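Heads up, protein.cif below (mmCIF, C-alpha atoms and all ligand atoms):
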```cif
data_start
loop_
_atom_site.label_atom_id
_atom_site.label_comp_id
_atom_site.auth_asym_id
_atom_site.auth_seq_id
_atom_site.Cartn_x
_atom_site.Cartn_y
_atom_site.Cartn_z
CA MET A 1 -72.65 80.02 24.96
CA ARG A 2 -75.00 77.17 25.69
CA THR A 3 -78.67 76.82 24.77
CA GLN A 4 -81.19 74.05 24.23
CA VAL A 5 -82.05 74.83 20.59
CA ALA A 6 -79.84 76.78 18.13
CA ILE A 7 -81.92 78.18 15.27
CA ILE A 8 -80.29 79.41 12.05
CA GLY A 9 -82.32 82.08 10.22
CA ALA A 10 -84.84 84.69 11.38
CA GLY A 11 -87.49 84.27 8.69
CA PRO A 12 -91.04 83.28 9.62
CA ALA A 13 -89.87 79.69 10.38
CA GLY A 14 -86.99 80.57 12.71
CA LEU A 15 -88.72 83.38 14.57
CA LEU A 16 -91.98 81.51 15.11
CA LEU A 17 -90.15 78.37 16.26
CA SER A 18 -88.16 80.39 18.80
CA HIS A 19 -91.38 81.98 20.07
CA LEU A 20 -93.29 78.66 20.29
CA LEU A 21 -90.38 77.09 22.19
CA HIS A 22 -90.30 80.05 24.58
CA LEU A 23 -94.01 79.54 25.30
CA ASN A 24 -93.12 75.98 26.30
CA GLY A 25 -90.22 77.04 28.52
CA ILE A 26 -87.55 75.88 26.03
CA GLU A 27 -84.54 78.17 25.45
CA SER A 28 -83.24 79.01 22.00
CA ILE A 29 -80.83 81.36 20.25
CA VAL A 30 -81.60 82.63 16.73
CA LEU A 31 -78.69 83.53 14.40
CA GLU A 32 -79.55 85.76 11.41
CA SER A 33 -77.13 86.97 8.75
CA ARG A 34 -79.07 90.14 7.82
CA SER A 35 -79.91 93.21 9.92
CA GLN A 36 -83.20 93.67 11.75
CA ALA A 37 -84.08 96.59 9.43
CA GLU A 38 -83.49 94.38 6.37
CA ILE A 39 -85.60 91.42 7.48
CA GLU A 40 -88.41 93.77 8.50
CA ALA A 41 -88.41 95.46 5.08
CA THR A 42 -88.14 92.48 2.69
CA ILE A 43 -91.35 92.25 0.66
CA ARG A 44 -92.45 88.66 0.08
CA ALA A 45 -95.61 86.73 0.84
CA GLY A 46 -99.07 88.11 1.46
CA VAL A 47 -101.59 85.29 1.88
CA LEU A 48 -102.10 83.53 5.21
CA GLU A 49 -104.24 80.41 5.46
CA GLN A 50 -106.69 80.16 8.32
CA GLY A 51 -104.51 77.45 9.92
CA THR A 52 -101.57 79.89 9.90
CA MET A 53 -103.74 82.59 11.47
CA ASP A 54 -104.88 80.12 14.15
CA ILE A 55 -101.27 79.23 15.00
CA LEU A 56 -100.24 82.92 15.20
CA ASN A 57 -103.34 83.81 17.26
CA ASN A 58 -102.85 80.90 19.68
CA ALA A 59 -99.22 81.94 20.10
CA GLY A 60 -100.36 85.44 21.14
CA VAL A 61 -98.82 87.24 18.14
CA GLY A 62 -101.98 87.79 16.08
CA ALA A 63 -103.30 91.11 17.43
CA ARG A 64 -101.98 93.35 14.63
CA MET A 65 -102.79 90.72 12.00
CA ARG A 66 -106.42 90.66 13.22
CA ALA A 67 -106.58 94.46 13.28
CA GLU A 68 -104.73 95.29 10.05
CA GLY A 69 -104.97 92.14 7.91
CA ALA A 70 -107.76 91.90 5.35
CA LEU A 71 -110.01 88.86 5.58
CA HIS A 72 -110.85 87.52 2.09
CA HIS A 73 -113.77 85.17 1.51
CA GLY A 74 -113.04 84.57 -2.16
CA PHE A 75 -110.82 85.33 -5.14
CA GLU A 76 -111.33 85.66 -8.88
CA LEU A 77 -110.11 83.69 -11.85
CA ALA A 78 -109.93 85.82 -15.02
CA PHE A 79 -109.63 84.38 -18.51
CA SER A 80 -111.07 84.88 -22.00
CA GLY A 81 -112.11 88.44 -21.07
CA ARG A 82 -114.27 87.44 -18.10
CA ARG A 83 -113.82 87.32 -14.31
CA HIS A 84 -115.26 84.45 -12.24
CA ARG A 85 -115.48 84.39 -8.45
CA ILE A 86 -114.39 81.39 -6.38
CA ASP A 87 -116.30 81.71 -3.10
CA LEU A 88 -113.85 80.20 -0.62
CA THR A 89 -116.07 80.56 2.43
CA GLU A 90 -119.19 79.15 0.80
CA LEU A 91 -117.25 76.20 -0.63
CA THR A 92 -115.07 75.38 2.40
CA GLY A 93 -116.32 77.37 5.41
CA LYS A 94 -112.86 78.97 5.57
CA SER A 95 -111.17 82.16 4.45
CA ILE A 96 -107.68 83.62 4.02
CA THR A 97 -106.08 86.82 5.31
CA VAL A 98 -103.89 89.17 3.29
CA TYR A 99 -101.26 90.39 5.75
CA PRO A 100 -97.70 90.95 4.52
CA GLN A 101 -94.94 88.57 5.58
CA HIS A 102 -92.72 91.44 6.78
CA GLU A 103 -95.47 92.49 9.18
CA VAL A 104 -95.56 88.93 10.57
CA ILE A 105 -91.78 89.21 10.93
CA LYS A 106 -92.11 92.53 12.83
CA ASP A 107 -94.70 91.00 15.19
CA LEU A 108 -92.49 87.97 15.89
CA VAL A 109 -89.30 90.03 16.40
CA ALA A 110 -91.20 92.30 18.81
CA ALA A 111 -92.47 89.25 20.76
CA ARG A 112 -89.00 87.71 20.99
CA GLN A 113 -87.41 90.99 22.05
CA ALA A 114 -90.16 91.68 24.63
CA ALA A 115 -89.37 88.30 26.19
CA GLN A 116 -85.61 89.09 26.15
CA GLY A 117 -85.15 86.29 23.64
CA GLN A 118 -81.68 85.91 22.14
CA LEU A 119 -81.91 87.06 18.56
CA LEU A 120 -78.53 87.90 16.97
CA PHE A 121 -78.51 89.88 13.72
CA GLU A 122 -75.68 90.33 11.20
CA VAL A 123 -73.85 87.12 12.09
CA SER A 124 -71.57 85.59 9.43
CA GLY A 125 -69.69 82.39 8.73
CA VAL A 126 -72.22 80.06 10.39
CA GLN A 127 -70.88 76.48 10.50
CA LEU A 128 -72.47 73.39 12.03
CA HIS A 129 -70.49 70.73 13.91
CA ARG A 130 -71.20 67.18 15.15
CA VAL A 131 -74.88 67.33 14.23
CA GLU A 132 -75.01 63.53 14.12
CA THR A 133 -74.16 63.41 17.86
CA THR A 134 -76.22 64.51 20.89
CA THR A 135 -73.84 67.45 21.46
CA PRO A 136 -73.95 69.55 18.28
CA SER A 137 -72.49 73.04 18.10
CA VAL A 138 -72.55 76.08 15.85
CA THR A 139 -69.66 78.50 15.23
CA TYR A 140 -70.04 81.97 13.69
CA SER A 141 -68.75 85.53 13.77
CA HIS A 142 -70.64 88.38 15.37
CA GLY A 143 -69.60 91.97 16.01
CA GLY A 144 -66.07 91.21 14.76
CA GLY A 145 -65.45 88.27 17.11
CA ALA A 146 -65.64 84.48 16.73
CA ALA A 147 -68.32 82.76 18.82
CA ARG A 148 -69.74 79.31 19.49
CA ILE A 149 -73.01 77.87 20.72
CA ASP A 150 -73.32 74.39 22.24
CA ALA A 151 -76.88 73.09 21.93
CA ASP A 152 -79.04 69.95 22.15
CA PHE A 153 -80.53 70.60 18.68
CA VAL A 154 -79.73 72.70 15.61
CA ILE A 155 -82.66 73.80 13.44
CA GLY A 156 -82.06 75.02 9.87
CA CYS A 157 -84.56 77.80 9.11
CA ASP A 158 -82.18 79.63 6.79
CA GLY A 159 -84.13 79.45 3.54
CA TYR A 160 -83.27 77.92 0.18
CA HIS A 161 -79.76 79.47 -0.05
CA GLY A 162 -78.76 78.75 3.56
CA VAL A 163 -75.93 76.65 4.99
CA THR A 164 -77.86 74.02 6.93
CA ARG A 165 -79.21 71.87 4.08
CA PRO A 166 -75.70 71.42 2.62
CA ALA A 167 -74.59 70.29 6.14
CA MET A 168 -76.98 67.31 5.97
CA PRO A 169 -75.29 63.91 5.40
CA VAL A 170 -75.31 63.08 1.68
CA GLN A 171 -76.08 59.41 2.17
CA GLY A 172 -79.77 58.56 1.95
CA ARG A 173 -80.75 62.02 0.71
CA GLN A 174 -83.17 62.50 -2.12
CA ASP A 175 -83.98 65.84 -3.70
CA TYR A 176 -86.97 66.43 -6.00
CA GLN A 177 -86.84 69.43 -8.28
CA ARG A 178 -88.64 71.20 -11.10
CA THR A 179 -87.77 74.60 -12.53
CA TYR A 180 -90.15 76.61 -14.68
CA GLY A 181 -88.89 78.63 -17.61
CA PHE A 182 -90.47 81.82 -16.25
CA GLY A 183 -90.53 84.08 -13.20
CA TRP A 184 -92.74 86.75 -11.67
CA PHE A 185 -92.20 90.49 -11.98
CA GLY A 186 -93.58 92.02 -8.75
CA ILE A 187 -94.41 95.68 -8.15
CA LEU A 188 -95.68 97.72 -5.21
CA VAL A 189 -97.96 100.58 -6.21
CA GLU A 190 -99.15 103.60 -4.28
CA SER A 191 -102.89 103.51 -4.98
CA ALA A 192 -106.16 102.22 -3.66
CA PRO A 193 -106.79 98.52 -4.43
CA SER A 194 -108.11 97.82 -7.94
CA SER A 195 -110.18 94.97 -6.60
CA GLU A 196 -111.38 93.94 -3.15
CA GLU A 197 -110.33 90.37 -3.84
CA LEU A 198 -107.28 88.83 -5.50
CA ILE A 199 -107.49 88.26 -9.25
CA TYR A 200 -105.48 85.43 -10.86
CA ALA A 201 -105.51 86.06 -14.62
CA ARG A 202 -104.60 83.83 -17.53
CA HIS A 203 -103.87 85.63 -20.81
CA PRO A 204 -102.08 84.60 -24.04
CA ARG A 205 -99.37 87.20 -23.15
CA GLY A 206 -98.83 85.51 -19.78
CA PHE A 207 -100.15 85.29 -16.23
CA ALA A 208 -100.96 88.34 -14.07
CA LEU A 209 -101.99 88.65 -10.41
CA VAL A 210 -103.74 91.54 -8.69
CA SER A 211 -103.24 91.61 -4.93
CA THR A 212 -103.20 94.25 -2.21
CA ARG A 213 -101.15 95.22 0.79
CA SER A 214 -103.22 97.94 2.45
CA PRO A 215 -105.96 100.48 1.59
CA THR A 216 -103.24 102.60 -0.06
CA VAL A 217 -100.85 100.01 -1.54
CA GLN A 218 -101.37 97.41 -4.26
CA ARG A 219 -99.20 94.36 -4.97
CA LEU A 220 -99.22 93.32 -8.63
CA TYR A 221 -97.34 90.55 -10.40
CA PHE A 222 -96.94 89.41 -14.00
CA GLN A 223 -95.19 86.44 -15.56
CA CYS A 224 -91.79 87.35 -17.03
CA ASP A 225 -88.48 85.94 -18.22
CA PRO A 226 -86.56 85.10 -15.01
CA ALA A 227 -83.35 86.38 -16.66
CA ASP A 228 -84.94 89.76 -17.45
CA HIS A 229 -83.89 92.86 -15.47
CA VAL A 230 -86.15 95.40 -13.75
CA ASP A 231 -84.29 98.24 -15.53
CA ASN A 232 -85.72 96.97 -18.84
CA TRP A 233 -89.20 97.80 -17.56
CA SER A 234 -90.20 101.48 -17.48
CA ASP A 235 -93.38 102.27 -15.55
CA ASP A 236 -95.21 102.89 -18.85
CA ARG A 237 -94.17 99.51 -20.21
CA ILE A 238 -95.33 97.78 -17.00
CA TRP A 239 -98.76 99.44 -17.12
CA ALA A 240 -99.20 98.64 -20.81
CA GLU A 241 -98.39 94.98 -20.11
CA LEU A 242 -100.72 94.78 -17.11
CA HIS A 243 -103.59 96.44 -19.00
CA ALA A 244 -103.12 94.00 -21.87
CA ARG A 245 -103.09 90.93 -19.64
CA LEU A 246 -106.01 92.09 -17.51
CA GLU A 247 -108.25 93.19 -20.41
CA ASN A 248 -111.87 92.14 -19.92
CA ARG A 249 -115.40 92.75 -21.11
CA ASP A 250 -116.68 93.77 -17.65
CA GLY A 251 -115.35 97.32 -17.85
CA TRP A 252 -112.99 96.72 -14.91
CA ILE A 253 -109.49 98.20 -15.15
CA VAL A 254 -106.40 97.95 -13.01
CA GLN A 255 -105.78 101.14 -11.01
CA GLU A 256 -102.50 102.88 -11.85
CA GLY A 257 -100.31 104.66 -9.28
CA ARG A 258 -96.70 105.42 -8.40
CA ILE A 259 -94.61 102.25 -8.64
CA PHE A 260 -92.19 102.30 -5.69
CA GLN A 261 -90.71 98.81 -5.84
CA LYS A 262 -89.90 96.36 -8.64
CA ASN A 263 -88.42 92.87 -8.34
CA ILE A 264 -88.15 89.62 -10.29
CA ILE A 265 -88.33 86.18 -8.70
CA GLY A 266 -87.58 82.80 -10.25
CA MET A 267 -89.97 79.88 -9.85
CA ARG A 268 -89.15 76.37 -8.78
CA SER A 269 -90.60 73.36 -7.02
CA PHE A 270 -88.15 71.64 -4.70
CA VAL A 271 -88.27 69.12 -1.84
CA SER A 272 -85.24 67.77 0.01
CA THR A 273 -85.68 64.64 2.12
CA PRO A 274 -85.27 63.58 4.85
CA MET A 275 -85.76 66.85 6.74
CA GLN A 276 -83.72 65.58 9.67
CA ALA A 277 -80.46 63.81 10.49
CA GLY A 278 -79.32 63.21 14.07
CA ARG A 279 -79.85 66.47 15.93
CA LEU A 280 -80.22 68.66 12.80
CA PHE A 281 -83.73 69.45 11.54
CA LEU A 282 -84.74 71.60 8.54
CA ALA A 283 -87.91 73.70 8.31
CA GLY A 284 -89.50 76.00 5.73
CA ASP A 285 -87.71 77.08 2.55
CA ALA A 286 -84.49 75.41 3.78
CA ALA A 287 -86.17 72.08 2.97
CA HIS A 288 -88.70 72.88 0.26
CA ILE A 289 -89.78 75.56 -2.24
CA VAL A 290 -93.05 76.05 -4.10
CA PRO A 291 -93.76 78.41 -7.00
CA PRO A 292 -95.72 81.35 -5.51
CA THR A 293 -98.93 80.78 -7.52
CA GLY A 294 -100.66 78.80 -4.77
CA ALA A 295 -99.47 81.20 -1.98
CA LYS A 296 -98.23 78.31 0.12
CA GLY A 297 -94.55 79.01 1.02
CA MET A 298 -94.91 80.90 4.28
CA ASN A 299 -97.85 78.74 5.32
CA LEU A 300 -95.68 75.64 4.97
CA ALA A 301 -92.87 77.27 6.98
CA VAL A 302 -95.39 77.91 9.77
CA SER A 303 -96.84 74.39 9.72
CA ASP A 304 -93.34 72.81 9.74
CA VAL A 305 -92.24 74.65 12.87
CA HIS A 306 -95.57 74.08 14.58
CA LEU A 307 -94.93 70.34 14.20
CA LEU A 308 -91.29 70.65 15.22
CA ALA A 309 -92.18 72.65 18.35
CA GLN A 310 -94.53 69.84 19.40
CA GLY A 311 -91.72 67.29 18.94
CA LEU A 312 -89.26 69.37 20.98
CA GLU A 313 -91.87 69.93 23.68
CA GLN A 314 -92.43 66.16 23.97
CA PHE A 315 -88.66 65.62 24.12
CA TYR A 316 -88.10 68.10 26.96
CA ARG A 317 -91.33 67.39 28.90
CA GLN A 318 -91.46 63.61 28.64
CA GLY A 319 -87.99 62.59 27.52
CA ALA A 320 -89.62 60.86 24.51
CA ASP A 321 -88.66 61.38 20.89
CA GLU A 322 -91.43 59.68 18.83
CA ARG A 323 -92.73 62.99 17.58
CA LEU A 324 -89.28 64.22 16.61
CA GLN A 325 -88.58 60.92 14.86
CA GLY A 326 -91.86 61.27 12.95
CA TYR A 327 -91.19 64.90 11.97
CA THR A 328 -90.15 64.32 8.34
CA ALA A 329 -93.03 61.93 7.61
CA GLY A 330 -95.57 64.22 9.30
CA ALA A 331 -94.36 67.39 7.59
CA LEU A 332 -94.05 65.80 4.13
CA LYS A 333 -97.76 64.92 3.95
CA ARG A 334 -98.67 68.60 3.94
CA ILE A 335 -95.63 69.64 1.91
CA TRP A 336 -96.38 67.27 -0.99
CA ARG A 337 -100.02 68.35 -1.05
CA ALA A 338 -98.89 71.98 -1.29
CA GLU A 339 -96.25 71.05 -3.90
CA TYR A 340 -98.94 69.37 -5.97
CA PHE A 341 -101.35 72.29 -5.68
CA SER A 342 -98.72 74.97 -6.43
CA TRP A 343 -97.50 73.03 -9.48
CA TRP A 344 -101.08 72.51 -10.68
CA MET A 345 -102.08 76.14 -10.24
CA THR A 346 -98.88 77.28 -11.99
CA ASN A 347 -99.67 75.02 -14.95
CA LEU A 348 -103.27 76.20 -15.04
CA LEU A 349 -102.50 79.90 -15.29
CA HIS A 350 -99.14 80.48 -16.97
CA THR A 351 -98.13 80.62 -20.61
CA PHE A 352 -95.62 77.91 -21.48
CA PRO A 353 -93.30 78.80 -24.37
CA ASP A 354 -93.43 75.21 -25.68
CA ALA A 355 -97.22 74.81 -25.36
CA THR A 356 -98.91 73.41 -28.45
CA PRO A 357 -102.28 74.87 -29.58
CA PHE A 358 -103.86 71.67 -28.18
CA LYS A 359 -102.31 72.25 -24.75
CA ARG A 360 -103.48 75.86 -24.70
CA GLU A 361 -107.09 74.87 -25.46
CA VAL A 362 -107.02 72.16 -22.78
CA GLN A 363 -105.75 74.75 -20.28
CA ARG A 364 -108.65 77.06 -21.17
CA ALA A 365 -111.12 74.17 -20.97
CA GLU A 366 -109.85 73.30 -17.49
CA LEU A 367 -110.53 76.87 -16.36
CA GLU A 368 -114.04 76.66 -17.84
CA CYS A 369 -114.62 73.43 -15.88
CA LEU A 370 -113.38 75.04 -12.67
CA VAL A 371 -115.81 77.93 -12.86
CA SER A 372 -118.79 75.82 -13.93
CA SER A 373 -118.36 72.70 -11.78
CA ARG A 374 -118.94 73.11 -8.06
CA ALA A 375 -116.98 69.90 -7.42
CA MET A 376 -113.89 71.24 -9.20
CA ALA A 377 -114.22 74.69 -7.64
CA THR A 378 -114.47 73.05 -4.21
CA ALA A 379 -111.24 71.11 -4.75
CA LEU A 380 -109.49 74.33 -5.78
CA ALA A 381 -110.90 76.22 -2.78
CA GLU A 382 -109.99 73.46 -0.29
CA ASN A 383 -106.40 73.47 -1.48
CA TYR A 384 -106.18 77.27 -1.56
CA VAL A 385 -107.40 77.76 2.03
CA GLY A 386 -105.34 74.76 3.18
CA ALA A 387 -108.29 72.68 4.33
CA PHE A 388 -106.30 69.44 4.50
P1 LIG B 401 -86.88 82.79 4.73
O1 LIG B 401 -88.03 83.73 4.83
O2 LIG B 401 -86.12 82.74 3.47
O3 LIG B 401 -85.91 83.10 5.94
C1 LIG B 401 -84.59 82.59 6.03
C2 LIG B 401 -83.73 83.54 6.85
O4 LIG B 401 -82.45 82.94 7.05
C3 LIG B 401 -83.48 84.85 6.13
O5 LIG B 401 -83.81 85.95 6.96
C4 LIG B 401 -82.00 84.80 5.77
O6 LIG B 401 -81.38 86.08 5.79
C5 LIG B 401 -81.45 83.90 6.85
N1 LIG B 401 -80.21 83.21 6.47
C6 LIG B 401 -79.90 82.64 5.27
N2 LIG B 401 -78.67 82.09 5.30
C7 LIG B 401 -78.20 82.30 6.55
C8 LIG B 401 -76.99 81.95 7.19
N3 LIG B 401 -76.03 81.29 6.55
N4 LIG B 401 -76.80 82.33 8.47
C9 LIG B 401 -77.78 83.00 9.15
N5 LIG B 401 -78.96 83.35 8.59
C10 LIG B 401 -79.17 83.00 7.31
N6 LIG B 401 -95.76 82.27 0.77
C11 LIG B 401 -97.03 82.27 1.23
O7 LIG B 401 -97.34 81.47 2.15
N7 LIG B 401 -98.02 83.07 0.74
C12 LIG B 401 -97.75 83.95 -0.27
O8 LIG B 401 -98.63 84.72 -0.66
C13 LIG B 401 -96.41 83.98 -0.79
N8 LIG B 401 -96.07 84.84 -1.78
C14 LIG B 401 -94.75 84.98 -2.11
C15 LIG B 401 -94.44 85.95 -3.04
C16 LIG B 401 -93.10 86.14 -3.38
C17 LIG B 401 -92.79 87.21 -4.37
C18 LIG B 401 -92.07 85.34 -2.79
C19 LIG B 401 -90.61 85.55 -3.13
C20 LIG B 401 -92.39 84.35 -1.87
C21 LIG B 401 -93.72 84.16 -1.53
N9 LIG B 401 -94.09 83.21 -0.59
C22 LIG B 401 -95.40 83.12 -0.20
C23 LIG B 401 -93.07 82.33 0.00
C24 LIG B 401 -92.57 82.78 1.36
O9 LIG B 401 -92.13 84.13 1.30
C25 LIG B 401 -91.44 81.87 1.85
O10 LIG B 401 -91.84 80.54 1.68
C26 LIG B 401 -91.07 82.13 3.32
O11 LIG B 401 -90.32 83.31 3.44
C27 LIG B 401 -90.25 80.97 3.92
O12 LIG B 401 -89.87 81.29 5.24
P2 LIG B 401 -88.56 80.69 5.89
O13 LIG B 401 -88.51 81.24 7.28
O14 LIG B 401 -88.50 79.24 5.69
O15 LIG B 401 -87.34 81.27 5.02
C1 LIG B 402 -99.50 87.26 -3.10
C2 LIG B 402 -98.50 86.38 -3.42
C3 LIG B 402 -98.83 85.18 -3.96
O1 LIG B 402 -97.87 84.29 -4.28
C4 LIG B 402 -100.16 84.82 -4.20
O2 LIG B 402 -100.45 83.63 -4.75
C5 LIG B 402 -101.15 85.71 -3.85
C6 LIG B 402 -100.83 86.93 -3.29
C7 LIG B 402 -99.13 88.57 -2.51
O3 LIG B 402 -97.93 88.83 -2.40
O4 LIG B 402 -100.03 89.36 -2.18
#
```

How would this structure read if it were set down as structure tokens?
Ligand code: FAD
Ligand code: DHB
Amino acid sequence: MRTQVAIIGAGPAGLLLSHLLHLNGIESIVLESRSQAEIEATIRAGVLEQGTMDILNNAGVGARMRAEGALHHGFELAFSGRRHRIDLTELTGKSITVYPQHEVIKDLVAARQAAQGQLLFEVSGVQLHRVETTTPSVTYSHGGGAARIDADFVIGCDGYHGVTRPAMPVQGRQDYQRTYGFGWFGILVESAPSSEELIYARHPRGFALVSTRSPTVQRLYFQCDPADHVDNWSDDRIWAELHARLENRDGWIVQEGRIFQKNIIGMRSFVSTPMQAGRLFLAGDAAHIVPPTGAKGMNLAVSDVHLLAQGLEQFYRQGADERLQGYTAGALKRIWRAEYFSWWMTNLLHTFPDATPFKREVQRAELECLVSSRAMATALAENYVGAF
């Protein structure tokens, strides 16, 4: 088969890129190792920045997000038994939307399929060839047979564990990495939301986060040992831990309900540069990871492919490649800002096993500053809504 752009991975990055290219008359084929049912059911991100909403709306895939997503004008920071509101809209003029990543995925798959886009699920053995030349190709297996795509470009949107980053030339590469000694335990709960807005809570027992998915489903997280196992956590133990970490003097309590999903995720910060070599480009989690505290991962995947689509459009429309050549530098500005913010917010709210009493008091004092200084709250709000 022949196409203009071969895209590996049907996460938010790969699907949105394919759709944006289609809107510009550029052909692509997306290769995904999992099934359609699996990608549409994987529970991950929830928070969309306004810039992400604008990109999805302008691309014509925002109707359900506008109808079903919940617009949030603020969130709360909870510590020392009190909750404090950060008014995002008053401080920045912007807001965020809580709309689950797998719903974004469903909307994008539907758009690609409605346009008869080539989206192949359950492929295996993806290998890249001659990416340093102008005639790269991709080989893979699908439906029991071997297949090959010849393309002008190959785009790696296959996440942190994919095959495209390892296919980048080793020479000149620099990776930046930080792992945290903790993870997040995430649950989905059948119940009305405990709070209209998200609550990020710091507690001596560890961080906790109250989020929502819909009027009948809550998404809750708490800091845990990344090596722990969900089977060690009975529902009763989970509720006891959440009540302890979310204790407060305002009389507010987290709403209990049937827990119907439990998972543990590790936390790391990671950036791999450059994000391009010859005709191979990386986007989203394939090139960088943030800890989830700042809610930036999917937003970065969207902003990467928005930039990349503009570069490919210039290449095909004008035969010029300045934008493609500037892709890594352009994308990294936003990526490093999000890396900084996610690292900072993680440090602000989590319990570090090696923290000295001094460090713990400074952490608490920083939170006090944030909720009493408009200047500091504004910086937090600007970063959270992605106003940069
Ligand atoms: P992925 O979503 O990982 O997609 C990659 C795709 O490639 C997958 O479908 C995979 O199956 C496929 N693939 C992998 N290898 C191959 C291969 N060899 N061949 C073919 N296909 C392959 N981000 C936010 O913005 N806001 C949040 O609130 C937020 N919260 C989060 C909460 C949690 C618990 C987690 C885990 C993440 C969160 N994130 C959040 C991060 C966000 O989910 C990711 O950053 C986002 O999924 C990245 O999109 P992507 O398309 O780059 O990669
Ligand atoms: C959610 C995830 C996040 O990482 C975050 O910071 C806020 C909300 C969520 O899944 O709802």

| task | May I ask which of the residues A:Pro193, A:Gly172, A:Gly326, A:Pro215 is the closest one to Leu308 in chain A, counting only C-alpha atoms? | result | A:Gly326

| So which residues are near ligand LIG 401 (chain B), meaning at most 6 Å away with only C-alpha atoms and all ligand atoms counted, given back as a VMD selection string? | chain A and resid 8 to 14 31 to 34 39 44 to 47 126 157 to 159 162 to 163 284 to 286 292 295 to 299 301

Could you tell me, counting all atoms listed in the file, which protein and nucleic acid residues lie no more than 10 Å from ligand LIG 402 (chain B), written as a PDB file with C-alpha atoms, in the coordinates of the input?
```pdb
ATOM      1  CA  ILE A  43     -91.350  92.250   0.660  1.00  0.00           C
ATOM      2  CA  ARG A  44     -92.450  88.660   0.080  1.00  0.00           C
ATOM      3  CA  ALA A  45     -95.610  86.730   0.840  1.00  0.00           C
ATOM      4  CA  GLY A  46     -99.070  88.110   1.460  1.00  0.00           C
ATOM      5  CA  VAL A  47    -101.590  85.290   1.880  1.00  0.00           C
ATOM      6  CA  LEU A  48    -102.100  83.530   5.210  1.00  0.00           C
ATOM      7  CA  PHE A  75    -110.820  85.330  -5.140  1.00  0.00           C
ATOM      8  CA  THR A  97    -106.080  86.820   5.310  1.00  0.00           C
ATOM      9  CA  VAL A  98    -103.890  89.170   3.290  1.00  0.00           C
ATOM     10  CA  TYR A  99    -101.260  90.390   5.750  1.00  0.00           C
ATOM     11  CA  PRO A 100     -97.700  90.950   4.520  1.00  0.00           C
ATOM     12  CA  GLN A 101     -94.940  88.570   5.580  1.00  0.00           C
ATOM     13  CA  TRP A 184     -92.740  86.750 -11.670  1.00  0.00           C
ATOM     14  CA  GLY A 186     -93.580  92.020  -8.750  1.00  0.00           C
ATOM     15  CA  ILE A 187     -94.410  95.680  -8.150  1.00  0.00           C
ATOM     16  CA  LEU A 188     -95.680  97.720  -5.210  1.00  0.00           C
ATOM     17  CA  LEU A 198    -107.280  88.830  -5.500  1.00  0.00           C
ATOM     18  CA  ILE A 199    -107.490  88.260  -9.250  1.00  0.00           C
ATOM     19  CA  TYR A 200    -105.480  85.430 -10.860  1.00  0.00           C
ATOM     20  CA  LEU A 209    -101.990  88.650 -10.410  1.00  0.00           C
ATOM     21  CA  VAL A 210    -103.740  91.540  -8.690  1.00  0.00           C
ATOM     22  CA  SER A 211    -103.240  91.610  -4.930  1.00  0.00           C
ATOM     23  CA  THR A 212    -103.200  94.250  -2.210  1.00  0.00           C
ATOM     24  CA  ARG A 213    -101.150  95.220   0.790  1.00  0.00           C
ATOM     25  CA  GLN A 218    -101.370  97.410  -4.260  1.00  0.00           C
ATOM     26  CA  ARG A 219     -99.200  94.360  -4.970  1.00  0.00           C
ATOM     27  CA  LEU A 220     -99.220  93.320  -8.630  1.00  0.00           C
ATOM     28  CA  TYR A 221     -97.340  90.550 -10.400  1.00  0.00           C
ATOM     29  CA  VAL A 290     -93.050  76.050  -4.100  1.00  0.00           C
ATOM     30  CA  PRO A 291     -93.760  78.410  -7.000  1.00  0.00           C
ATOM     31  CA  PRO A 292     -95.720  81.350  -5.510  1.00  0.00           C
ATOM     32  CA  THR A 293     -98.930  80.780  -7.520  1.00  0.00           C
ATOM     33  CA  GLY A 294    -100.660  78.800  -4.770  1.00  0.00           C
ATOM     34  CA  ALA A 295     -99.470  81.200  -1.980  1.00  0.00           C
ATOM     35  CA  LYS A 296     -98.230  78.310   0.120  1.00  0.00           C
ATOM     36  CA  GLY A 297     -94.550  79.010   1.020  1.00  0.00           C
ATOM     37  CA  MET A 298     -94.910  80.900   4.280  1.00  0.00           C
ATOM     38  CA  SER A 342     -98.720  74.970  -6.430  1.00  0.00           C
ATOM     39  CA  MET A 345    -102.080  76.140 -10.240  1.00  0.00           C
ATOM     40  CA  THR A 346     -98.880  77.280 -11.990  1.00  0.00           C
ATOM     41  CA  TYR A 384    -106.180  77.270  -1.560  1.00  0.00           C
TER      42      TYR A 384
END
```

| note | Counting only C-alpha atoms, the residue among A:His203, A:Arg85, A:His229, A:Lys333 that lies closest to Leu370 in chain A is A:Arg85

| request: Excluding Thr134 in chain A and residues on its chain fewer than 5 positions from it, collect all residues at most 8 Å away from it, counting all atoms listed in the file, and give them as JSON, numbers by chain. | output: {"A": [152, 153, 278, 279]}

| query | Interatomic distance between CA of Leu128 in chain A and CA of Glu322 in chain A? | reply | 24.4 Å

| task | Select, from A:His22, A:His306, A:Arg205, A:His72, the residue with the minimum atom-to-atom distance to Leu56 in chain A, counting all atoms listed in the file. | result |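 For Leu56 in chain A, the nearest of the candidates is A:His306.
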
| message | As an exercise, work out the distance from CA of Asp87 in chain A to CA of Leu246 in chain A in Å and give it to one decimal place. | response | 20.5 Å
